[in-house]
Structure formats: structure tokens, C-alpha cells
>>> print(open('input.txt').read())   # compact mmCIF, C-alpha atoms and all ligand atoms
# COMPACT_ATOMS: atom_id res chain seq x y z
CA MET A 1 234.70 68.73 175.83
CA SER A 2 232.78 68.78 172.57
CA GLN A 3 229.10 67.86 172.57
CA LYS A 4 228.11 64.42 171.34
CA VAL A 5 225.14 64.77 169.03
CA LEU A 6 222.87 62.34 167.20
CA VAL A 7 220.75 63.70 164.33
CA THR A 8 218.12 61.51 162.64
CA ALA A 9 217.37 62.01 158.94
CA GLY A 10 220.36 64.30 158.67
CA ALA A 11 221.48 63.58 155.12
CA ASN A 12 219.31 66.19 153.39
CA GLY A 13 217.13 69.21 154.02
CA ILE A 14 216.75 70.68 157.49
CA GLY A 15 218.59 67.76 159.09
CA ARG A 16 221.63 68.42 156.95
CA GLU A 17 221.66 72.06 158.07
CA ILE A 18 221.45 70.88 161.67
CA VAL A 19 224.43 68.58 161.11
CA ARG A 20 226.37 71.45 159.54
CA ALA A 21 225.57 73.81 162.41
CA PHE A 22 226.63 71.34 165.11
CA VAL A 23 229.83 70.43 163.24
CA GLU A 24 230.65 74.13 162.87
CA ALA A 25 230.00 74.57 166.61
CA GLY A 26 232.68 71.92 167.27
CA ALA A 27 230.41 69.00 168.14
CA GLN A 28 230.98 65.32 167.42
CA VAL A 29 228.06 64.29 165.26
CA ALA A 30 226.44 60.97 164.32
CA VAL A 31 223.87 61.00 161.54
CA CYS A 32 221.36 58.44 160.38
CA ASP A 33 219.23 58.39 157.24
CA ILE A 34 217.79 56.04 154.61
CA ASP A 35 219.49 57.91 151.76
CA VAL A 36 222.81 56.08 151.51
CA PRO A 37 224.39 58.16 148.68
CA ALA A 38 223.53 61.37 150.56
CA LEU A 39 225.08 59.92 153.74
CA ALA A 40 228.26 59.18 151.77
CA ALA A 41 228.32 62.74 150.43
CA LEU A 42 227.87 64.07 153.95
CA GLN A 43 230.71 61.93 155.26
CA ALA A 44 232.95 63.12 152.41
CA GLN A 45 232.20 66.73 153.31
CA TRP A 46 232.69 66.28 157.07
CA PRO A 47 234.98 63.25 157.57
CA GLY A 48 234.72 63.59 161.36
CA ILE A 49 231.08 62.55 161.49
CA THR A 50 229.78 58.98 161.64
CA THR A 51 226.87 57.90 159.48
CA TYR A 52 224.34 55.08 159.75
CA GLU A 53 221.80 53.70 157.34
CA CYS A 54 218.64 53.51 159.41
CA ASP A 55 214.93 53.70 158.74
CA VAL A 56 213.57 55.17 161.97
CA GLY A 57 210.25 53.48 161.23
CA ARG A 58 211.92 50.07 161.69
CA ARG A 59 212.55 49.19 165.31
CA ALA A 60 215.43 46.78 164.61
CA ASP A 61 217.22 49.47 162.55
CA VAL A 62 216.80 51.99 165.36
CA GLU A 63 218.13 49.58 167.99
CA ARG A 64 221.24 48.90 165.91
CA MET A 65 221.75 52.54 165.00
CA VAL A 66 221.43 54.04 168.49
CA SER A 67 223.82 51.57 170.09
CA SER A 68 226.43 51.97 167.30
CA ALA A 69 226.16 55.76 167.25
CA VAL A 70 226.49 56.10 171.02
CA LEU A 71 229.45 53.73 171.02
CA ALA A 72 231.19 55.73 168.27
CA LEU A 73 230.47 59.05 170.00
CA GLY A 74 231.48 57.73 173.41
CA GLY A 75 228.20 58.93 174.96
CA LEU A 76 225.34 61.24 174.08
CA ASP A 77 224.53 64.84 175.03
CA VAL A 78 222.11 65.93 172.33
CA LEU A 79 219.45 64.02 170.42
CA VAL A 80 217.82 65.71 167.45
CA ASN A 81 214.74 63.77 166.35
CA ASN A 82 214.46 65.32 162.92
CA ALA A 83 213.05 62.41 160.89
CA GLY A 84 209.55 62.97 159.59
CA ILE A 85 207.65 62.17 156.41
CA GLY A 86 204.67 63.98 154.94
CA GLY A 87 202.66 61.01 153.75
CA PRO A 88 200.11 61.39 150.99
CA THR A 89 197.98 64.44 150.29
CA SER A 90 194.54 62.93 150.72
CA SER A 91 191.23 63.46 152.47
CA VAL A 92 190.73 61.38 155.62
CA GLU A 93 188.01 59.44 153.84
CA GLN A 94 190.37 58.45 151.02
CA PHE A 95 193.48 58.02 153.18
CA SER A 96 195.20 54.67 152.66
CA PRO A 97 195.42 52.93 156.07
CA GLU A 98 198.86 51.54 155.12
CA GLU A 99 200.15 55.03 154.39
CA TRP A 100 198.62 56.27 157.65
CA ASP A 101 200.51 53.53 159.52
CA ARG A 102 203.77 54.43 157.80
CA VAL A 103 203.52 58.12 158.74
CA VAL A 104 202.80 57.17 162.35
CA ALA A 105 205.65 54.63 162.33
CA VAL A 106 208.25 57.13 161.10
CA ASN A 107 207.11 60.39 162.67
CA LEU A 108 205.78 59.27 166.02
CA THR A 109 206.88 55.72 166.83
CA GLY A 110 210.32 56.33 165.29
CA THR A 111 210.83 59.37 167.50
CA PHE A 112 209.64 57.34 170.50
CA ASP A 113 212.08 54.51 169.73
CA VAL A 114 215.13 56.68 169.09
CA THR A 115 214.38 58.69 172.25
CA ARG A 116 213.57 55.67 174.44
CA LEU A 117 216.89 54.05 173.56
CA SER A 118 218.84 57.32 173.92
CA ILE A 119 217.55 58.24 177.38
CA PRO A 120 219.89 55.95 179.37
CA HIS A 121 222.85 57.61 177.60
CA LEU A 122 221.49 61.15 177.95
CA LYS A 123 221.16 60.51 181.70
CA GLN A 124 224.96 60.13 181.80
CA SER A 125 225.42 63.56 180.22
CA ALA A 126 226.07 66.68 182.28
CA ALA A 127 223.55 68.58 180.15
CA GLY A 128 221.31 66.36 178.04
CA SER A 129 219.05 67.95 175.46
CA ILE A 130 216.35 66.42 173.28
CA ILE A 131 214.93 68.24 170.29
CA VAL A 132 211.78 66.95 168.64
CA MET A 133 210.89 68.17 165.17
CA SER A 134 207.24 69.06 165.06
CA SER A 135 205.85 71.57 162.55
CA ALA A 136 203.35 74.37 162.14
CA ALA A 137 201.16 71.36 161.33
CA GLY A 138 201.54 70.58 165.04
CA ARG A 139 199.45 73.60 166.02
CA PHE A 140 197.00 74.00 163.12
CA GLY A 141 194.73 71.58 161.32
CA TYR A 142 196.04 70.75 157.84
CA PRO A 143 193.40 69.62 155.35
CA TYR A 144 194.48 66.59 153.28
CA ARG A 145 197.53 66.06 155.54
CA SER A 146 195.80 64.43 158.52
CA ALA A 147 198.46 61.84 159.39
CA TYR A 148 201.21 64.45 159.22
CA SER A 149 199.30 66.95 161.33
CA ALA A 150 198.14 64.37 163.88
CA THR A 151 201.68 63.05 164.41
CA LYS A 152 203.17 66.55 164.64
CA TRP A 153 200.61 67.48 167.34
CA ALA A 154 201.47 64.24 169.13
CA LEU A 155 205.16 65.09 169.06
CA VAL A 156 204.51 68.32 170.98
CA GLY A 157 202.84 66.27 173.71
CA PHE A 158 205.74 63.86 173.62
CA ALA A 159 208.35 66.63 174.02
CA LYS A 160 206.44 68.28 176.87
CA THR A 161 206.09 64.94 178.64
CA LEU A 162 209.80 64.14 178.20
CA ALA A 163 210.67 67.52 179.72
CA ILE A 164 208.69 66.68 182.89
CA GLU A 165 209.88 63.07 183.16
CA LEU A 166 213.54 63.89 182.62
CA GLY A 167 213.88 67.16 184.52
CA ASP A 168 215.36 65.36 187.53
CA TRP A 169 218.29 64.31 185.36
CA GLY A 170 218.82 67.82 184.05
CA ILE A 171 217.72 66.70 180.60
CA ARG A 172 215.73 69.26 178.64
CA ALA A 173 213.27 68.54 175.86
CA ASN A 174 211.76 70.97 173.40
CA ALA A 175 209.76 70.79 170.19
CA LEU A 176 210.55 72.90 167.15
CA LEU A 177 207.65 73.99 164.94
CA PRO A 178 209.05 75.24 161.64
CA GLY A 179 206.72 76.92 159.17
CA ALA A 180 207.25 76.89 155.43
CA VAL A 181 210.94 76.07 155.15
CA ASP A 182 212.66 76.76 151.86
CA GLY A 183 213.59 73.48 150.17
CA GLU A 184 212.67 70.42 148.19
CA ARG A 185 209.97 69.16 150.58
CA LEU A 186 207.97 72.35 150.44
CA HIS A 187 207.85 72.27 146.67
CA ARG A 188 206.41 68.75 146.94
CA VAL A 189 203.81 69.93 149.48
CA TYR A 190 202.62 72.77 147.27
CA ALA A 191 202.54 70.52 144.20
CA GLY A 192 200.35 68.11 146.22
CA ARG A 193 198.05 70.96 147.22
CA VAL A 194 197.71 72.01 143.58
CA GLU A 195 196.70 68.47 142.69
CA ALA A 196 194.28 68.06 145.61
CA THR A 197 192.49 71.38 145.16
CA GLY A 198 192.81 72.05 141.44
CA GLN A 199 194.11 75.56 142.17
CA SER A 200 197.09 77.07 140.35
CA LEU A 201 200.52 77.02 142.00
CA GLU A 202 200.44 80.81 142.14
CA THR A 203 197.16 80.79 144.08
CA VAL A 204 198.44 78.12 146.47
CA LEU A 205 201.66 80.07 147.17
CA GLU A 206 199.77 83.33 147.65
CA ALA A 207 197.39 81.65 150.09
CA ALA A 208 200.34 80.16 152.03
CA MET A 209 202.05 83.52 152.44
CA ALA A 210 198.77 85.29 153.31
CA GLY A 211 198.81 83.57 156.69
CA GLN A 212 202.25 84.90 157.69
CA SER A 213 203.38 88.30 159.00
CA LEU A 214 206.73 87.92 157.22
CA LYS A 215 205.95 86.92 153.66
CA ARG A 216 208.92 84.72 152.86
CA PHE A 217 210.06 81.16 153.38
CA VAL A 218 211.95 80.14 156.51
CA ASP A 219 215.70 79.74 156.03
CA PRO A 220 216.61 76.17 157.11
CA ARG A 221 219.75 77.56 158.74
CA ASP A 222 217.50 79.37 161.21
CA ILE A 223 216.04 76.05 162.36
CA ALA A 224 219.58 74.68 162.76
CA ALA A 225 220.70 77.75 164.71
CA MET A 226 217.77 77.31 167.10
CA ALA A 227 218.69 73.65 167.64
CA VAL A 228 222.31 74.57 168.45
CA PHE A 229 221.16 77.36 170.79
CA LEU A 230 218.71 75.09 172.64
CA ALA A 231 221.41 72.48 173.15
CA SER A 232 223.93 75.04 174.36
CA ASP A 233 224.51 76.44 177.84
CA ALA A 234 222.58 79.55 176.79
CA GLY A 235 219.49 77.36 176.42
CA LYS A 236 219.83 75.75 179.85
CA SER A 237 216.63 77.32 181.24
CA ILE A 238 214.45 76.32 178.29
CA SER A 239 212.54 73.06 178.49
CA GLY A 240 209.06 71.79 177.69
CA GLN A 241 208.53 74.41 175.01
CA ALA A 242 207.00 74.29 171.56
CA LEU A 243 209.03 76.86 169.67
CA CYS A 244 207.69 78.29 166.42
CA ILE A 245 210.13 79.33 163.70
CA ASP A 246 207.62 80.29 161.06
CA ASN A 247 207.66 83.98 160.11
CA ASP A 248 204.69 84.41 162.46
CA MET A 249 202.22 82.08 160.87
CA GLN A 250 198.60 82.74 161.91
CA LYS A 251 196.94 80.13 159.77
CA ALA A 252 198.02 77.14 157.75
N1 LIG B 1 210.44 71.56 155.11
C1 LIG B 1 209.50 72.15 155.82
O1 LIG B 1 208.89 73.15 155.39
C2 LIG B 1 209.17 71.65 157.20
C3 LIG B 1 208.29 72.40 157.98
C4 LIG B 1 207.98 71.96 159.25
C5 LIG B 1 208.55 70.80 159.74
N2 LIG B 1 209.40 70.08 158.97
C6 LIG B 1 209.97 68.85 159.55
O2 LIG B 1 211.38 68.91 159.53
C7 LIG B 1 211.92 67.59 159.36
C8 LIG B 1 212.86 67.56 158.17
O3 LIG B 1 212.15 68.02 157.04
P1 LIG B 1 212.83 68.25 155.61
O4 LIG B 1 211.96 69.19 154.89
O5 LIG B 1 214.26 68.56 155.78
O6 LIG B 1 212.64 66.78 155.01
P2 LIG B 1 213.14 66.10 153.66
O7 LIG B 1 211.95 65.56 152.95
O8 LIG B 1 214.06 67.03 152.94
O9 LIG B 1 213.91 64.81 154.21
C9 LIG B 1 214.90 64.86 155.16
C10 LIG B 1 215.59 63.50 155.24
O10 LIG B 1 214.74 62.50 155.84
C11 LIG B 1 215.22 61.25 155.37
N3 LIG B 1 214.24 60.22 155.72
C12 LIG B 1 213.01 60.05 155.18
N4 LIG B 1 212.41 59.00 155.76
C13 LIG B 1 213.27 58.50 156.68
C14 LIG B 1 213.22 57.40 157.58
N5 LIG B 1 212.15 56.59 157.63
N6 LIG B 1 214.28 57.17 158.39
C15 LIG B 1 215.37 57.96 158.32
N7 LIG B 1 215.50 59.00 157.48
C16 LIG B 1 214.44 59.26 156.67
C17 LIG B 1 215.37 61.50 153.90
O11 LIG B 1 216.17 60.52 153.27
C18 LIG B 1 216.03 62.88 153.91
O12 LIG B 1 217.45 62.76 153.93
C19 LIG B 1 210.70 66.66 159.23
O13 LIG B 1 210.39 66.10 160.48
C20 LIG B 1 209.61 67.60 158.77
O14 LIG B 1 208.32 67.12 159.11
C21 LIG B 1 209.73 70.48 157.70
>>> encode(input="input.txt", output="C-alpha cells")
Amino acid sequence: MSQKVLVTAGANGIGREIVRAFVEAGAQVAVCDIDVPALAALQAQWPGITTYECDVGRRADVERMVSSAVLALGGLDVLVNNAGIGGPTSSVEQFSPEEWDRVVAVNLTGTFDVTRLSIPHLKQSAAGSIIVMSSAAGRFGYPYRSAYSATKWALVGFAKTLAIELGDWGIRANALLPGAVDGERLHRVYAGRVEATGQSLETVLEAAMAGQSLKRFVDPRDIAAMAVFLASDAGKSISGQALCIDNDMQKA
């Protein structure tokens, strides 16, 4: 029987690679996102998937999406909570409270809502698995990215707590902490850092790589491969972990 998988924010970036990896592994996949054209492109590429327009920061959207996705899949084995936004690059003092609330709503409360509503279905699975997308920002402080860092730390606590609460049902929960993943988002992050600090892009990139043993960006396919592994039978003894995929980052 193929695995039934729900991936949030799967239309672009890392989420899209996760969708690809699960589809290639033979899973039935449901994907939600706010980017409707990208969802349509995804559906055209993999006609077997189901897609849902859903802002995970809006509770009513999440309620509709989870029930429709689970109905279409005929159950749920794997939940990948990938959705997460960076928010502004700003000092805490200057941070807009509205933007703070939005980051918390998407990254933390959105993950809570999708997970909360998925748990009854995961309990019906023979081998439920929850993956929570944290970040290297979930184990270091990140100047000018306080909302992002605070929510990514919180998500590690959330994943570890889920692992304990759900162990009796054989459901596993783990957090992934990617480092600097090659892609569009990272370019935005570095551009923001250039603006906030006044340093050149070259200096910012050099500083970023200085903190890593392997001086290159993380391949998003490696994050996806880890997600598929964790959800597979080979990952059945792994729960409650915060797994770093970051070229051995020692500082942010
Ligand atoms: N890229 C990195 O270097 C990196 C590093 C560590 C952790 N992460 C985490 O990985 C996850 C994916 O990152 P990415 O770089 O692929 O992101 P991205 O910026 O490329 O966006 C991925 C998708 O999220 C969707 N999205 C945005 N807000 C949404 C919302 N409210 N509801 C539903 N979908 C929404 C976007 O439409 C997009 O399709 C995030 O949680 C991010 O924090 C990324």
C-alpha cells in the first residue's frame, strides 16, 4: 500500500522537492500552498497528486484543507509541516508587531493547526510520521530575524513534545533543521542582510560560509531525501529528534 502524504507549502522550493521525492517513492501526495499558479504547474507535472489553496496561517483554510486532503487520500500516514515564512529583516526594537504576529501565525500556529487536525487520521495509520520544518535558526540566535528564529526554536519543542505524546500510537515526530539551502529564499535572506548591515553581498556570503565545515549550499533534494527516509520503515526507530542538514554549521 502506498503511503498517504500531506505536504504544506509544497508548490515551490524545498516543499516542491519533498513532493517530488514522495511521488517518486510511490506515495499518494496532497499538497497545499497559497501560490495557485504554482499549484497548477505542480498538478500538471504530477497529475496523481491533489492540490489545495490554503494559507496555513488562516485557521478556516486549514480546517477545510486537512479534511479535503485526508478524504482525497483516503487516510493519512505522513504529515510534512513545511510551511514557514521569514518575516522582515529588522531589529527587535523596530519589528512591526503585525509582521511578528504573521510569522507566528504561519510558522508556529499554522503548524499546530495542521498537526492538531491531522492527528486523529495519523492515529489510524500503521506507521504515522510527522515532520516539522525548523531551521538552523532553530538552534542559533539570528540577529534581525527574531520572529523567524523564535518560531523555529518553538517548532523543535513542538516536534519533541509530539513524539512523546504520540508514541503510544506508534506515531513518530521529528524536526528538520536545514542550513543554507540553495534557492530563491536564500537569495532574499542575503539581500536582506546586505540591506540591514550595509555590508557587500560578497562579505555576507563569505561570512555565511565561514561558519560551515562544508563550504557550499545545501541541496534541497537532500532535505527531501531525509524526509522520505524518516517516513519510511528504515526510519522507524527515529523519533523526537532535531536533525541538522546544514553542511555542519557551527554558527549562523
Ligand atoms: N531555504 C532555506 O535555506 C531554508 C533553511 C532552513 C529552513 N527552511 C524552511 O524550509 C521551509 C521551506 O522553505 P523554502 O525556502 O522552500 O521556502 P519558499 O520561500 O521557497 O516558499 C515555499 C512555499 O511556501 C508557500 N507559502 C508561503 N506562505 C504560505 C502560507 N501562509 N501558507 C501556505 N503556503 C505558504 C509559498 O507560496 C511557496 O510555495 C520553510 O519552513 C523554511 O523556513 C528553509
>>> residues_near_ligand(input="input.txt", ligand="ligand LIG 1 (chain B)", cutoff="8 Å", atoms="all atoms listed in the file", output="number ranges by chain")
A: 8-16, 32-35, 38, 53-58, 81-86, 106-107, 110, 133-137, 148, 152, 176-186, 218, 220
>>> closest_residue(input="input.txt", among="A:Lys236, A:Ala173, A:Ala40, A:Tyr144", to="Gly192 in chain A", atoms="only C-alpha atoms")
A:Tyr144
>>> residues_around(input="input.txt", residues="range 91-94 of chain A", least_positions_apart="6", cutoff="8 Å", atoms="all atoms listed in the file", output="list in words")
Pro143, Tyr144, Arg145 and Ser146 of chain A
>>> closest_atom_pairs(input="input.txt", of="range 86-192 of chain A", to="range 73-78 of chain A", cutoff="8 Å", atoms="all atoms listed in the file", output="Markdown table")
| residue | atom | partner | partner_atom | distance |
| --- | --- | --- | --- | --- |
| A:Ser118 | CA | A:Leu76 | CA | 7.6 |
| A:His121 | CA | A:Leu76 | CA | 5.6 |
| A:Leu122 | CA | A:Leu76 | CA | 5.5 |
| A:Gln124 | CA | A:Gly75 | CA | 7.7 |
| A:Ser125 | CA | A:Asp77 | CA | 5.4 |
| A:Ala126 | CA | A:Asp77 | CA | 7.6 |
| A:Ala127 | CA | A:Asp77 | CA | 6.4 |
| A:Gly128 | CA | A:Asp77 | CA | 4.7 |
| A:Ser129 | CA | A:Val78 | CA | 4.8 |
| A:Ile130 | CA | A:Val78 | CA | 5.9 |
| A:Ile131 | CA | A:Val78 | CA | 7.8 |
>>> write_last_selection(input="input.txt", atoms="C-alpha atoms", output="PDB file, in the coordinates of the input")
ATOM      1  CA  SER A 118     218.840  57.320 173.920  1.00  0.00           C
ATOM      2  CA  HIS A 121     222.850  57.610 177.600  1.00  0.00           C
ATOM      3  CA  LEU A 122     221.490  61.150 177.950  1.00  0.00           C
ATOM      4  CA  GLN A 124     224.960  60.130 181.800  1.00  0.00           C
ATOM      5  CA  SER A 125     225.420  63.560 180.220  1.00  0.00           C
ATOM      6  CA  ALA A 126     226.070  66.680 182.280  1.00  0.00           C
ATOM      7  CA  ALA A 127     223.550  68.580 180.150  1.00  0.00           C
ATOM      8  CA  GLY A 128     221.310  66.360 178.040  1.00  0.00           C
ATOM      9  CA  SER A 129     219.050  67.950 175.460  1.00  0.00           C
ATOM     10  CA  ILE A 130     216.350  66.420 173.280  1.00  0.00           C
ATOM     11  CA  ILE A 131     214.930  68.240 170.290  1.00  0.00           C
TER      12      ILE A 131
END
>>> residues_near_point(input="input.txt", point="(220.4, 52.2, 164.6)", cutoff="9 Å", atoms="only C-alpha atoms", output="list in words")
Cys32, Tyr52, Glu53, Cys54, Asp55, Val56, Arg59, Ala60, Asp61, Val62, Glu63, Arg64, Met65, Val66, Ser67, Ser68, Ala69 and Val114 of chain A
>>> residues_near_point(input="input.txt", point="(229.5, 71.2, 169.2)", cutoff="10 Å", atoms="only C-alpha atoms", output="JSON, numbers by chain")
{"A": [1, 2, 3, 4, 5, 19, 21, 22, 23, 24, 25, 26, 27, 28, 29, 77, 78, 228, 231, 232]}
>>> build_atoms(input="input.txt", residues="range 46-64 of chain A", atoms="N, CA and C atoms", output="JSON list (two decimals), in the coordinates of the input")
[["chain", "number", "residue", "atom", "x", "y", "z"],
["A", 46, "TRP", "N", 232.26, 66.15, 155.67],
["A", 46, "TRP", "CA", 232.69, 66.28, 157.07],
["A", 46, "TRP", "C", 233.20, 64.91, 157.55],
["A", 47, "PRO", "N", 234.46, 64.60, 157.27],
["A", 47, "PRO", "CA", 234.98, 63.25, 157.57],
["A", 47, "PRO", "C", 234.91, 62.89, 159.06],
["A", 48, "GLY", "N", 234.77, 63.87, 159.92],
["A", 48, "GLY", "CA", 234.72, 63.59, 161.36],
["A", 48, "GLY", "C", 233.40, 63.01, 161.84],
["A", 49, "ILE", "N", 232.36, 63.07, 161.03],
["A", 49, "ILE", "CA", 231.08, 62.55, 161.49],
["A", 49, "ILE", "C", 231.01, 61.04, 161.26],
["A", 50, "THR", "N", 230.05, 60.39, 161.94],
["A", 50, "THR", "CA", 229.78, 58.98, 161.64],
["A", 50, "THR", "C", 228.37, 58.89, 161.07],
["A", 51, "THR", "N", 228.18, 57.99, 160.12],
["A", 51, "THR", "CA", 226.87, 57.90, 159.48],
["A", 51, "THR", "C", 226.33, 56.47, 159.56],
["A", 52, "TYR", "N", 225.01, 56.37, 159.60],
["A", 52, "TYR", "CA", 224.34, 55.08, 159.75],
["A", 52, "TYR", "C", 223.14, 55.01, 158.84],
["A", 53, "GLU", "N", 223.03, 53.92, 158.11],
["A", 53, "GLU", "CA", 221.80, 53.70, 157.34],
["A", 53, "GLU", "C", 220.76, 53.20, 158.33],
["A", 54, "CYS", "N", 219.67, 53.90, 158.44],
["A", 54, "CYS", "CA", 218.64, 53.51, 159.41],
["A", 54, "CYS", "C", 217.30, 54.11, 159.02],
["A", 55, "ASP", "N", 216.30, 53.25, 158.92],
["A", 55, "ASP", "CA", 214.93, 53.70, 158.74],
["A", 55, "ASP", "C", 214.33, 53.80, 160.15],
["A", 56, "VAL", "N", 214.04, 55.01, 160.59],
["A", 56, "VAL", "CA", 213.57, 55.17, 161.97],
["A", 56, "VAL", "C", 212.19, 54.53, 162.19],
["A", 57, "GLY", "N", 211.53, 54.17, 161.10],
["A", 57, "GLY", "CA", 210.25, 53.48, 161.23],
["A", 57, "GLY", "C", 210.41, 51.97, 161.42],
["A", 58, "ARG", "N", 211.65, 51.50, 161.47],
["A", 58, "ARG", "CA", 211.92, 50.07, 161.69],
["A", 58, "ARG", "C", 212.68, 49.90, 163.00],
["A", 59, "ARG", "N", 212.01, 49.26, 163.95],
["A", 59, "ARG", "CA", 212.55, 49.19, 165.31],
["A", 59, "ARG", "C", 213.93, 48.53, 165.36],
["A", 60, "ALA", "N", 214.14, 47.48, 164.57],
["A", 60, "ALA", "CA", 215.43, 46.78, 164.61],
["A", 60, "ALA", "C", 216.54, 47.70, 164.11],
["A", 61, "ASP", "N", 216.25, 48.50, 163.07],
["A", 61, "ASP", "CA", 217.22, 49.47, 162.55],
["A", 61, "ASP", "C", 217.59, 50.47, 163.64],
["A", 62, "VAL", "N", 216.57, 50.95, 164.34],
["A", 62, "VAL", "CA", 216.80, 51.99, 165.36],
["A", 62, "VAL", "C", 217.66, 51.42, 166.49],
["A", 63, "GLU", "N", 217.36, 50.20, 166.90],
["A", 63, "GLU", "CA", 218.13, 49.58, 167.99],
["A", 63, "GLU", "C", 219.61, 49.49, 167.61],
["A", 64, "ARG", "N", 219.85, 49.02, 166.38],
["A", 64, "ARG", "CA", 221.24, 48.90, 165.91],
["A", 64, "ARG", "C", 221.90, 50.26, 165.83]]
